[in-house]
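Q: Dropping the structure in here first, questions after.
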Amino acid sequence: MAAMDSSKPQVHPAPISLKVMRMCKPSFATTETPLPAQGAMGVGSTAVALATSPLLTLPQSFGDIYLGETLSAYVSTCNQAPYPLGAVQLKVEVQTSSQRQLLLSRAGDAPAGGLAPAGRADCIVRYELREVGVHILICSAAFVDADGESRNLRKFFKFQVQNPLSMKSKSHPLGVGTAAEAVLVETQVQNCTASPLNLTAVRFVTAGAIAVDDLNSFVQRADQLACLKPGDVQQYMYRLRAAPGAPADALRAASALGRMDVRWRGPMAEVGHLQSNMVQRRQPPARAVELRVLGLESSEPIPALALVDVSAGAGEPLVALREVPFRMRARVRNCTAAQQLALRLFWTARAPSGAAPPKPPPSEPHPPLVFTGVSGADVGVLEPGGSADIALDFVAIAPGLHRLAGLALQDQRTGVTFDLGVIGEVLVLDGARGGEPAGWR
């Protein structure tokens, strides 16, 4: 019986090679040794050959890469065989956890797509990183060898994409039930990288029929945005309102408000761009009856108040004078789909059910806003979706910013009472001091 040949089969190297290098800018050199004197570097040194200064260092590894940046890679295909290769086809793809995208598909530079011995076919691919997590750069080279056989070479390069910014947002309702109803969005932007980031543009991109007012202009100018060191946090605020021409309840009916859009540059001016997830809010509960304040009229002229912003569609501010009667214009709407309501308006200090009115706390013997109209006034019969305009008479007895509450509507047919809650806020000025609120000096 013949003995088995224990010799290993000969391994032939691939006739073609694939190499990938990430293209990125150099970083500042961090060394405790003194810098070399001018002209001390030899002509044959690496820094001179690569045209870098002693203050800069070339990357020694792939390094960190972040969401919102653009991956630039130099892909080189070289014919290592002593014979030409035909029909060379290079393909570069990116595989993520959710998709696979083709970045490049091209033939060799030689005629008919061939590649001569020691010939090269190089290219640069760029890909904007839109997902965090593991990414795989797939490079494939198809060719025909000297025997006419079609062959294939494929290499995989894996890298991790990290999140550079942490953006946390929360929303606060403003002026609910008034013509100036709005939503205040508060966002914190934190630098999660190991390098400083120079923010070049920060804005809130709204969704749907929503307009936005930037409330950050008093903190910094548009051309002088923040430079965030690693771990630093910058806070931004935006006021959202219904866009001009949109329905009055466009903002109230919206649960998706918009996204934060941030652009920055790294230490070596690397460009980054990132959008946050959609900022969501919990919609206010649906009401059977809604009262919306349209404006306020005072029996005496109100002095101009520079602190109240009436620009950018913020709505008419509710400003009144102490001990001066004022009238509030409002609109009552039947929000039900099929129920007709015969409504009457009550001031809860005179409870419609006959119960005793709630006693004020000892520290506040009288409410700051007193209703002087007729409690129990007839609003009228409202069809489903119908509305009626009413007038509410008040007098303010204490200066300051006060919430207006204490009104209720009652259906005369069913006896159901609808508490309207807080319908707005009124800034009461002390007329004796020329319009200066109490406590302001």
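In the structure tokens, chains take the letters A, B, ... in the order shown, each chain's residues start at 1, and ligands count up from 1 in the order shown.
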Taking only range 205-312 of chain A into account, list the residues labelled strand (DSSP E) by DSSP (computed from the backbone), as a ChimeraX atom specification.
A: /A:205-206,210-214,227-228,233-242,256-265,271-275,279-280,289-298
Q: Any chance you can output those residues with N, CA and C atoms as a CSV table (one decimal), in the first residue's frame?
A:
chain,number,residue,atom,x,y,z
A,205,VAL,N,-35.8,72.5,12.7
A,205,VAL,CA,-36.5,72.3,11.4
A,205,VAL,C,-37.9,71.8,11.8
A,206,THR,N,-38.9,72.6,11.5
A,206,THR,CA,-40.3,72.2,12.0
A,206,THR,C,-40.9,71.2,11.0
A,210,ILE,N,-46.1,74.5,10.9
A,210,ILE,CA,-45.6,75.1,12.1
A,210,ILE,C,-44.4,76.0,11.8
A,211,ALA,N,-44.5,77.2,12.4
A,211,ALA,CA,-43.4,78.2,12.2
A,211,ALA,C,-42.6,78.2,13.5
A,212,VAL,N,-41.3,78.7,13.4
A,212,VAL,CA,-40.4,78.7,14.5
A,212,VAL,C,-39.8,80.0,14.7
A,213,ASP,N,-39.7,80.4,16.0
A,213,ASP,CA,-39.0,81.7,16.4
A,213,ASP,C,-37.7,81.3,17.2
A,214,ASP,N,-36.6,81.7,16.7
A,214,ASP,CA,-35.3,81.4,17.4
A,214,ASP,C,-35.2,82.4,18.6
A,227,CYS,N,-18.3,76.8,20.9
A,227,CYS,CA,-17.2,75.8,20.7
A,227,CYS,C,-17.3,74.9,21.9
A,228,LEU,N,-17.7,73.7,21.7
A,228,LEU,CA,-18.0,72.7,22.7
A,228,LEU,C,-16.7,71.8,23.0
A,233,VAL,N,-22.0,71.1,27.4
A,233,VAL,CA,-23.4,71.1,27.0
A,233,VAL,C,-23.8,72.6,26.7
A,234,GLN,N,-24.5,72.7,25.6
A,234,GLN,CA,-25.1,74.0,25.2
A,234,GLN,C,-26.6,73.9,25.1
A,235,GLN,N,-27.3,74.9,25.6
A,235,GLN,CA,-28.8,74.8,25.6
A,235,GLN,C,-29.3,75.8,24.7
A,236,TYR,N,-30.4,75.4,24.0
A,236,TYR,CA,-31.1,76.2,23.0
A,236,TYR,C,-32.6,76.2,23.2
A,237,MET,N,-33.3,77.3,22.8
A,237,MET,CA,-34.7,77.4,23.0
A,237,MET,C,-35.3,77.9,21.7
A,238,TYR,N,-36.5,77.4,21.4
A,238,TYR,CA,-37.3,77.8,20.2
A,238,TYR,C,-38.7,77.8,20.6
A,239,ARG,N,-39.4,78.8,20.0
A,239,ARG,CA,-40.9,79.0,20.2
A,239,ARG,C,-41.6,78.6,18.9
A,240,LEU,N,-42.5,77.6,19.0
A,240,LEU,CA,-43.2,77.1,17.9
A,240,LEU,C,-44.6,77.6,17.9
A,241,ARG,N,-45.2,78.0,16.7
A,241,ARG,CA,-46.5,78.5,16.6
A,241,ARG,C,-47.1,78.0,15.3
A,242,ALA,N,-48.4,78.2,15.1
A,242,ALA,CA,-49.0,77.9,13.8
A,242,ALA,C,-48.5,78.8,12.7
A,256,ALA,N,-45.9,65.5,16.2
A,256,ALA,CA,-44.5,65.6,15.8
A,256,ALA,C,-44.2,67.1,15.5
A,257,LEU,N,-43.2,67.7,16.2
A,257,LEU,CA,-42.9,69.1,16.1
A,257,LEU,C,-41.8,69.4,15.1
A,258,GLY,N,-40.8,68.6,15.1
A,258,GLY,CA,-39.6,68.9,14.2
A,258,GLY,C,-38.4,68.2,14.7
A,259,ARG,N,-37.2,68.6,14.1
A,259,ARG,CA,-35.9,68.1,14.4
A,259,ARG,C,-34.9,69.2,14.6
A,260,MET,N,-33.9,68.9,15.5
A,260,MET,CA,-32.8,69.7,15.6
A,260,MET,C,-31.8,69.4,14.5
A,261,ASP,N,-31.2,70.5,13.9
A,261,ASP,CA,-30.3,70.3,12.8
A,261,ASP,C,-29.0,71.1,13.2
A,262,VAL,N,-27.9,70.3,13.3
A,262,VAL,CA,-26.6,70.9,13.8
A,262,VAL,C,-25.5,70.6,12.8
A,263,ARG,N,-24.7,71.6,12.5
A,263,ARG,CA,-23.5,71.5,11.7
A,263,ARG,C,-22.3,72.0,12.5
A,264,TRP,N,-21.2,71.3,12.3
A,264,TRP,CA,-20.0,71.6,13.1
A,264,TRP,C,-18.8,71.4,12.2
A,265,ARG,N,-17.6,71.8,12.8
A,265,ARG,CA,-16.3,71.5,12.2
A,265,ARG,C,-15.4,71.0,13.4
A,271,VAL,N,-15.9,68.6,8.4
A,271,VAL,CA,-17.3,69.0,8.4
A,271,VAL,C,-18.1,67.9,9.0
A,272,GLY,N,-19.1,68.2,9.8
A,272,GLY,CA,-20.1,67.3,10.3
A,272,GLY,C,-21.5,67.8,10.3
A,273,HIS,N,-22.5,67.0,10.1
A,273,HIS,CA,-23.9,67.4,10.0
A,273,HIS,C,-24.7,66.3,10.6
A,274,LEU,N,-25.6,66.7,11.5
A,274,LEU,CA,-26.5,65.7,12.2
A,274,LEU,C,-27.8,66.3,12.5
A,275,GLN,N,-28.8,65.5,12.3
A,275,GLN,CA,-30.2,65.8,12.7
A,275,GLN,C,-30.7,64.9,13.8
A,279,VAL,N,-38.8,65.4,17.4
A,279,VAL,CA,-39.2,65.8,18.7
A,279,VAL,C,-40.7,65.6,18.8
A,280,GLN,N,-41.1,64.7,19.7
A,280,GLN,CA,-42.6,64.4,19.9
A,280,GLN,C,-43.1,65.1,21.2
A,289,VAL,N,-65.8,71.1,24.9
A,289,VAL,CA,-66.0,72.6,24.8
A,289,VAL,C,-64.6,73.3,24.9
A,290,GLU,N,-64.4,74.2,24.0
A,290,GLU,CA,-63.1,75.0,24.1
A,290,GLU,C,-63.4,76.4,24.0
A,291,LEU,N,-62.6,77.2,24.9
A,291,LEU,CA,-62.7,78.6,24.9
A,291,LEU,C,-61.3,79.2,24.5
A,292,ARG,N,-61.3,80.0,23.5
A,292,ARG,CA,-60.0,80.5,23.0
A,292,ARG,C,-60.1,82.1,23.1
A,293,VAL,N,-59.1,82.7,23.8
A,293,VAL,CA,-59.0,84.1,23.9
A,293,VAL,C,-58.6,84.8,22.7
A,294,LEU,N,-59.3,85.8,22.2
A,294,LEU,CA,-58.9,86.5,21.0
A,294,LEU,C,-58.2,87.8,21.2
A,295,GLY,N,-58.4,88.4,22.3
A,295,GLY,CA,-57.7,89.7,22.6
A,295,GLY,C,-58.3,90.3,23.9
A,296,LEU,N,-57.7,91.5,24.2
A,296,LEU,CA,-58.1,92.2,25.4
A,296,LEU,C,-58.2,93.7,25.1
A,297,GLU,N,-59.2,94.3,25.7
A,297,GLU,CA,-59.5,95.7,25.5
A,297,GLU,C,-59.6,96.4,26.9
A,298,SER,N,-58.8,97.4,27.1
A,298,SER,CA,-58.8,98.1,28.4
A,298,SER,C,-59.6,99.4,28.2
Q: Give me the residues within 8 Å of range 320-326 of chain A as an MDAnalysis selection string, counting only C-alpha atoms and dropping any in the same chain fewer than 5 places off.
A: chainID A and resid 296:300 302 393:399 426:431 435
Q: What does the file look like for those residues with C-alpha atoms, as a compact mmCIF listing (two decimals), in the first residue's frame?
A:
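Result written to result04.txt:
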# COMPACT_ATOMS: atom_id res chain seq x y z
CA LEU A 296 -58.06 92.18 25.45
CA GLU A 297 -59.47 95.72 25.49
CA SER A 298 -58.84 98.10 28.38
CA SER A 299 -61.02 101.05 29.34
CA GLU A 300 -57.85 103.18 29.62
CA ILE A 302 -52.03 100.92 28.24
CA ASP A 393 -65.41 91.61 31.86
CA PHE A 394 -62.72 91.65 34.56
CA VAL A 395 -60.85 93.99 36.84
CA ALA A 396 -57.33 93.35 38.15
CA ILE A 397 -56.62 94.22 41.78
CA ALA A 398 -52.99 93.05 42.04
CA PRO A 399 -50.07 93.77 39.69
CA VAL A 426 -52.59 88.46 31.97
CA LEU A 427 -49.73 90.84 32.79
CA VAL A 428 -51.12 93.47 35.15
CA LEU A 429 -49.27 96.79 35.30
CA ASP A 430 -49.38 99.27 38.14
CA GLY A 431 -50.76 102.38 36.45
CA GLY A 435 -46.88 101.05 33.59
Q: With a distance cut-off of 10 Å and only C-alpha atoms, select the neighbouring residues of Glu383 in chain A, excluding the residue or stretch itself and same-chain residues fewer than 6 positions from it, and output the selection as a list in words.
A: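 My list of contacting residues is Arg333, Asn334, Cys335, Thr336, Ala337, Ala338, Gln339, Gln340, Leu341 and Ala342 of chain A.
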Q: Using only C-alpha atoms for the distances, tell me which of A:Leu67, A:Ala209, A:Leu404, A:Val20 is nearest to Pro247 in chain A.
A: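 The closest residue to Pro247 in chain A is A:Ala209.
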Q: Quick one: pull the distance between CA of Ser140 in chain A and CA of Gly114 in chain A, Å, one decimal.
A: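 Spanning CA of Ser140 in chain A to CA of Gly114 in chain A is a straight-line distance of 15.7 Å.
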Q: Which of these residues is nearest to Gly68 in chain A, using only C-alpha atoms: A:Met268, A:Val161, A:Leu115, A:Met21?
A: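 Ranking A:Met268, A:Val161, A:Leu115, A:Met21 by distance to Gly68 in chain A, first place goes to A:Val161.
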Q: Which is closer to Ser169 in chain A than all the others in A:Gly406, A:Ser97, A:Gln412, A:Gln188, using only C-alpha atoms?
A: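 Among the listed residues, the smallest separation from Ser169 in chain A belongs to A:Gln188.
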Q: Mind giving me the straight-line distance from CA of Arg106 in chain A to CA of Lys155 in chain A in Å, one decimal?
A: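 If I compute the distance from CA of Arg106 in chain A to CA of Lys155 in chain A, I get 16.7 Å.
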Q: Could you check which of A:Arg403, A:Asn191, A:Arg120, A:Leu382 is closest to Lys19 in chain A, using only C-alpha atoms?
A: A:Arg120
